[in-house]
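Input: a single structure, listed below in structure tokens.
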Amino acid sequence: KLPKLAFSDYADEQAENLRQMFVAMTDDYRIIIVKLADRLHNMRTLRYMKPEKQIKISRETLDIFAPLAHRMGIWQFKSELEDTAFMYLYPHEYKKLNRRLRVHQTKLRETLDQSQKALRKTLEGDPTLRGKASVQVSGRRKELYSLWHKMNSREVQNLDHIVDVVALRVILTPNKNAEEAEKGNEADRGVWLCYHVLGLVQHLPGFQPMPTKVKDYISFPKPNGYQSLHTALMLNGQTIEVQIRTSSMHQVA
């Protein structure tokens with residue numbers, strides 16, 4: 001069993017207060033970006049510091065700076081900060097999980113490439129979407145810390161039980177329509193297109209749909225305002241999560 005994160009609710013609250021303070025301290029977000037870049041540089045040179053300093057800085061990074069990068073939407077910073085901190089805080093778990101992923105690396109990469117191409121081809125050729133919205137399809141393999149945290153919190157050891165080790169994201173940006181914008185219907189059209197894409201995903205040629213994995217966070221948003229449609233497909237025994245949302249929803253996410 002993986003060790004639980006040794007961090008109390010009180011400490012969690014203090015970290016959140018610090019993140020809010022950083023944001024409130026300045027109207028110029030460039031200052032926060034500079035702070036995050038400085039912290040990223042510190043993490044990249046952490047190997048030259050004493051072990052106790054490595055642990056202290058990594059704990060602070062994981063609880064304050066990585067979530068702050070997430071809030072700023074700087075995903076590359078967030079991922080590297082989390083994974084580097086994970087490596088120093090839980091070296092055994094980091095190496096173990098990294099080895100397991102390397103074993104499946106070729107399969108995961110091929111699954112990601114094949115599914116991304118197939119989905120992009122289907123969406124680009126769909127007559128309903130053509131002329132109504134621009135479509136962006138991206139894919140990723142789940143980062144080490146994020147994967148470990150999910151396995152830890154759910155007490156899952158088998159990678160096959162984690163739906164989003166490989167994931168695709170579809171972001172729809174409805175084309176501007178002055179008449180609809182004036183009537184306030186543009187957002188509704190974006191929502192309708194999300195459900196339309198969900199239907200296309202569920203019938204993607206060569207893939208096995210997983211209807212029981214559909215989660216509707218558009219009709220039922222998360223408490224933090226997050227909205228998106230989640231579903232899953234199966235290809236060659238590998239589960240692929242697909243997230244569908246509009247560009248305005250993505251800004252909140």
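Every chain in the structure tokens takes a letter, A first, then B, and so on in the order presented; its residues are numbered from 1, and the ligands are numbered from 1 following the presented order.
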
Practice task
Name the residues in contact with Gln238 (chain A) at a cut-off of 9 Å, using only C-alpha atoms, excluding same-chain residues fewer than 2 positions from it; report them as a count of residues only.
Solution key: 11

Problem - Shortest interatomic distance to Leu112 (chain A) - which of A:Val197, A:Leu204, A:Ile57, A:Ala167, counting only C-alpha atoms - result: A:Ala167

Practice task
Write out as a PyMOL selection string each polymer residue whose atoms come within 9 Å of Gln202 (chain A), counting only C-alpha atoms; drop sequence neighbours fewer than 5 positions from it.
Solution key: chain A and resi 197+207-211+231-233

Create the file for the chosen residues now, containing C-alpha atoms and written as a PDB file, in the first residue's frame.
ATOM      1  CA  VAL A 197     -19.036  15.427 -30.186  1.00  0.00           C
ATOM      2  CA  PHE A 207     -12.767   1.768 -30.823  1.00  0.00           C
ATOM      3  CA  GLN A 208     -14.899   0.124 -28.159  1.00  0.00           C
ATOM      4  CA  PRO A 209     -17.101   2.642 -26.288  1.00  0.00           C
ATOM      5  CA  MET A 210     -17.475   2.488 -22.508  1.00  0.00           C
ATOM      6  CA  PRO A 211     -20.910   4.074 -21.828  1.00  0.00           C
ATOM      7  CA  THR A 231     -16.101   9.472 -21.464  1.00  0.00           C
ATOM      8  CA  ALA A 232     -13.800   6.548 -22.213  1.00  0.00           C
ATOM      9  CA  LEU A 233     -12.880   4.305 -25.126  1.00  0.00           C
TER      10      LEU A 233
END

Handout entry: DSSP-assigned strand (DSSP E) among region 166-225 of chain A, expressed as number ranges by chain
Key = A: 166-174, 208-209, 215-216

Problem - Spatial neighbours of Thr173 (chain A), 6 Å, only C-alpha atoms, chain gap at least 2 places, as a list of chain:residue names - result: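 Close residues of Thr173 (chain A): A:Ala133, A:Ser134, A:Thr246, A:Ser247.
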
Hey, can you spit out that residue selection with C-alpha atoms as a PDB file, in the first residue's frame?
ATOM      1  CA  ALA A 133     -16.832  25.710 -34.485  1.00  0.00           C
ATOM      2  CA  SER A 134     -13.084  25.361 -34.517  1.00  0.00           C
ATOM      3  CA  THR A 246     -15.791  24.584 -24.912  1.00  0.00           C
ATOM      4  CA  SER A 247     -12.922  27.064 -24.802  1.00  0.00           C
TER       5      SER A 247
END

Handout entry: Spatial neighbours of region 214-230 of chain A, 10 Å, only C-alpha atoms, chain gap at least 4 places, as an MDAnalysis selection string
Key = chainID A and resid 168:171 191 194:195 197:198 202 209:210 241:246 248:253

Problem - Long-range neighbours of Arg39 (chain A) as an MDAnalysis selection string, 12 Å cut-off, only C-alpha atoms, 4 positions minimum in chain - result: chainID A and resid 32:35 43:46 57:58 60:62 64:66 68:69 77:78 80:82 84:85

Suppose we keep N, CA and C atoms; can you now write the selection as an mmCIF file, in the first residue's frame?
data_model
loop_
_atom_site.group_PDB
_atom_site.id
_atom_site.type_symbol
_atom_site.label_atom_id
_atom_site.label_comp_id
_atom_site.auth_asym_id
_atom_site.auth_seq_id
_atom_site.Cartn_x
_atom_site.Cartn_y
_atom_site.Cartn_z
ATOM 1 N N ILE A 32 4.035 36.764 -10.554
ATOM 2 C CA ILE A 32 3.799 35.392 -10.119
ATOM 3 C C ILE A 32 4.498 34.419 -11.056
ATOM 4 N N ILE A 33 4.467 34.718 -12.362
ATOM 5 C CA ILE A 33 5.135 33.844 -13.335
ATOM 6 C C ILE A 33 6.640 33.812 -13.079
ATOM 7 N N VAL A 34 7.211 34.962 -12.742
ATOM 8 C CA VAL A 34 8.643 35.020 -12.411
ATOM 9 C C VAL A 34 8.932 34.175 -11.168
ATOM 10 N N LYS A 35 8.058 34.248 -10.165
ATOM 11 C CA LYS A 35 8.220 33.446 -8.947
ATOM 12 C C LYS A 35 8.168 31.952 -9.269
ATOM 13 N N MET A 43 14.045 23.808 -8.261
ATOM 14 C CA MET A 43 13.769 22.370 -8.271
ATOM 15 C C MET A 43 14.736 21.630 -9.193
ATOM 16 N N ARG A 44 15.135 22.275 -10.279
ATOM 17 C CA ARG A 44 16.062 21.626 -11.221
ATOM 18 C C ARG A 44 17.473 21.518 -10.659
ATOM 19 N N THR A 45 17.797 22.339 -9.664
ATOM 20 C CA THR A 45 19.134 22.303 -9.051
ATOM 21 C C THR A 45 19.084 21.740 -7.630
ATOM 22 N N LEU A 46 17.995 21.093 -7.283
ATOM 23 C CA LEU A 46 17.790 20.609 -5.914
ATOM 24 C C LEU A 46 18.785 19.516 -5.522
ATOM 25 N N ILE A 57 11.849 21.996 0.600
ATOM 26 C CA ILE A 57 11.518 22.744 -0.605
ATOM 27 C C ILE A 57 10.515 21.968 -1.463
ATOM 28 N N SER A 58 10.674 20.662 -1.540
ATOM 29 C CA SER A 58 9.758 19.841 -2.335
ATOM 30 C C SER A 58 8.360 19.849 -1.739
ATOM 31 N N GLU A 60 7.005 22.218 0.060
ATOM 32 C CA GLU A 60 6.481 23.556 -0.198
ATOM 33 C C GLU A 60 6.065 23.695 -1.661
ATOM 34 N N THR A 61 6.854 23.131 -2.551
ATOM 35 C CA THR A 61 6.551 23.188 -3.988
ATOM 36 C C THR A 61 5.261 22.454 -4.300
ATOM 37 N N LEU A 62 5.103 21.267 -3.737
ATOM 38 C CA LEU A 62 3.932 20.445 -4.015
ATOM 39 C C LEU A 62 2.650 21.057 -3.465
ATOM 40 N N ILE A 64 2.161 24.436 -2.560
ATOM 41 C CA ILE A 64 1.892 25.847 -2.845
ATOM 42 C C ILE A 64 2.149 26.194 -4.316
ATOM 43 N N PHE A 65 3.354 25.923 -4.800
ATOM 44 C CA PHE A 65 3.731 26.431 -6.118
ATOM 45 C C PHE A 65 3.113 25.632 -7.271
ATOM 46 N N ALA A 66 3.038 24.319 -7.146
ATOM 47 C CA ALA A 66 2.412 23.527 -8.224
ATOM 48 C C ALA A 66 0.927 23.867 -8.372
ATOM 49 N N LEU A 68 -0.443 26.637 -7.605
ATOM 50 C CA LEU A 68 -0.478 28.008 -8.110
ATOM 51 C C LEU A 68 -0.256 28.019 -9.627
ATOM 52 N N ALA A 69 0.675 27.186 -10.100
ATOM 53 C CA ALA A 69 0.904 27.070 -11.540
ATOM 54 C C ALA A 69 -0.341 26.526 -12.233
ATOM 55 N N PHE A 77 4.745 24.001 -16.259
ATOM 56 C CA PHE A 77 5.355 24.287 -14.961
ATOM 57 C C PHE A 77 4.783 23.360 -13.903
ATOM 58 N N LYS A 78 3.446 23.246 -13.889
ATOM 59 C CA LYS A 78 2.770 22.424 -12.889
ATOM 60 C C LYS A 78 3.285 20.991 -12.917
ATOM 61 N N GLU A 80 6.090 19.659 -14.186
ATOM 62 C CA GLU A 80 7.488 19.476 -13.807
ATOM 63 C C GLU A 80 7.703 19.721 -12.312
ATOM 64 N N LEU A 81 7.023 20.716 -11.764
ATOM 65 C CA LEU A 81 7.135 20.974 -10.319
ATOM 66 C C LEU A 81 6.642 19.778 -9.510
ATOM 67 N N GLU A 82 5.492 19.232 -9.902
ATOM 68 C CA GLU A 82 4.923 18.094 -9.181
ATOM 69 C C GLU A 82 5.817 16.860 -9.280
ATOM 70 N N THR A 84 9.010 16.565 -10.035
ATOM 71 C CA THR A 84 10.312 16.716 -9.381
ATOM 72 C C THR A 84 10.172 16.638 -7.864
ATOM 73 N N ALA A 85 9.137 17.292 -7.325
ATOM 74 C CA ALA A 85 8.889 17.212 -5.882
ATOM 75 C C ALA A 85 8.566 15.777 -5.475
#

Problem - Backbone-only DSSP, alpha helix (DSSP H) members of region 79-210 of chain A, as an MDAnalysis selection string - result: chainID A and resid 79:89 91:103 105:124 144:154 178:183 186:202

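When CA of Arg99 (chain A) is paired with CA of Gly139 (chain A), their separation reads 21.8 Å.
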
Practice task
Pick out the residues sitting within 10 Å of Lys117 (chain A), and hand them over as a PyMOL selection string; count only C-alpha atoms, and ignore anything fewer than 3 positions along from it in its own chain.
Solution key: chain A and resi 112-114+120-122+137-139

Please dump the current selection as an mmCIF file, in the first residue's frame; keep all heavy atoms.
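Okay, this is what ended up in part-v1.cif:
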data_model
loop_
_atom_site.group_PDB
_atom_site.id
_atom_site.type_symbol
_atom_site.label_atom_id
_atom_site.label_comp_id
_atom_site.auth_asym_id
_atom_site.auth_seq_id
_atom_site.Cartn_x
_atom_site.Cartn_y
_atom_site.Cartn_z
ATOM 1 N N LEU A 112 -1.926 6.496 -27.865
ATOM 2 C CA LEU A 112 -2.192 7.932 -27.867
ATOM 3 C C LEU A 112 -2.170 8.492 -29.284
ATOM 4 O O LEU A 112 -3.081 9.217 -29.696
ATOM 5 C CB LEU A 112 -1.161 8.644 -26.988
ATOM 6 C CG LEU A 112 -1.313 10.159 -26.852
ATOM 7 C CD1 LEU A 112 -2.655 10.511 -26.226
ATOM 8 C CD2 LEU A 112 -0.173 10.726 -25.996
ATOM 9 N N ASP A 113 -1.147 8.131 -30.063
ATOM 10 C CA ASP A 113 -1.020 8.637 -31.439
ATOM 11 C C ASP A 113 -2.179 8.164 -32.310
ATOM 12 O O ASP A 113 -2.773 8.956 -33.056
ATOM 13 C CB ASP A 113 0.309 8.186 -32.047
ATOM 14 C CG ASP A 113 1.509 8.851 -31.400
ATOM 15 O OD1 ASP A 113 1.309 9.869 -30.722
ATOM 16 O OD2 ASP A 113 2.639 8.350 -31.570
ATOM 17 N N GLN A 114 -2.502 6.884 -32.210
ATOM 18 C CA GLN A 114 -3.553 6.314 -33.057
ATOM 19 C C GLN A 114 -4.917 6.898 -32.725
ATOM 20 O O GLN A 114 -5.695 7.251 -33.616
ATOM 21 C CB GLN A 114 -3.577 4.791 -32.881
ATOM 22 C CG GLN A 114 -4.517 4.073 -33.859
ATOM 23 C CD GLN A 114 -4.426 2.565 -33.731
ATOM 24 O OE1 GLN A 114 -3.487 2.033 -33.132
ATOM 25 N NE2 GLN A 114 -5.405 1.865 -34.289
ATOM 26 N N ARG A 120 -9.297 13.130 -34.496
ATOM 27 C CA ARG A 120 -9.159 14.370 -35.271
ATOM 28 C C ARG A 120 -9.756 14.210 -36.670
ATOM 29 O O ARG A 120 -10.451 15.105 -37.166
ATOM 30 C CB ARG A 120 -7.683 14.771 -35.358
ATOM 31 C CG ARG A 120 -7.465 16.094 -36.071
ATOM 32 C CD ARG A 120 -6.016 16.509 -36.080
ATOM 33 N NE ARG A 120 -5.561 16.940 -34.768
ATOM 34 C CZ ARG A 120 -4.594 16.355 -34.084
ATOM 35 N NH1 ARG A 120 -3.979 15.302 -34.583
ATOM 36 N NH2 ARG A 120 -4.224 16.813 -32.898
ATOM 37 N N LYS A 121 -9.518 13.068 -37.300
ATOM 38 C CA LYS A 121 -10.054 12.800 -38.633
ATOM 39 C C LYS A 121 -11.582 12.799 -38.624
ATOM 40 O O LYS A 121 -12.228 13.387 -39.502
ATOM 41 C CB LYS A 121 -9.532 11.459 -39.149
ATOM 42 C CG LYS A 121 -10.018 11.094 -40.536
ATOM 43 C CD LYS A 121 -9.456 9.745 -40.985
ATOM 44 C CE LYS A 121 -9.972 9.371 -42.368
ATOM 45 N NZ LYS A 121 -9.436 8.039 -42.804
ATOM 46 N N THR A 122 -12.171 12.161 -37.612
ATOM 47 C CA THR A 122 -13.632 12.098 -37.515
ATOM 48 C C THR A 122 -14.234 13.478 -37.312
ATOM 49 O O THR A 122 -15.226 13.849 -37.950
ATOM 50 C CB THR A 122 -14.048 11.166 -36.358
ATOM 51 O OG1 THR A 122 -13.656 9.824 -36.671
ATOM 52 C CG2 THR A 122 -15.557 11.200 -36.141
ATOM 53 N N VAL A 137 -7.865 19.173 -30.850
ATOM 54 C CA VAL A 137 -7.716 17.854 -30.229
ATOM 55 C C VAL A 137 -6.282 17.712 -29.736
ATOM 56 O O VAL A 137 -5.333 17.873 -30.507
ATOM 57 C CB VAL A 137 -8.036 16.717 -31.219
ATOM 58 C CG1 VAL A 137 -7.849 15.351 -30.550
ATOM 59 C CG2 VAL A 137 -9.457 16.853 -31.751
ATOM 60 N N SER A 138 -6.120 17.440 -28.460
ATOM 61 C CA SER A 138 -4.787 17.235 -27.890
ATOM 62 C C SER A 138 -4.785 15.951 -27.076
ATOM 63 O O SER A 138 -5.838 15.458 -26.653
ATOM 64 C CB SER A 138 -4.375 18.431 -27.014
ATOM 65 O OG SER A 138 -5.301 18.611 -25.950
ATOM 66 N N GLY A 139 -3.607 15.400 -26.867
ATOM 67 C CA GLY A 139 -3.494 14.168 -26.106
ATOM 68 C C GLY A 139 -2.329 14.222 -25.150
ATOM 69 O O GLY A 139 -1.376 14.987 -25.348
#

Completion exercise
Correct to one decimal, the distance CA of His41 (chain A)-CA of Ser146 (chain A) is 20.9 Å

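For the pair CA of Leu172 (chain A) and CA of Leu147 (chain A), the separation is 26.4 Å.
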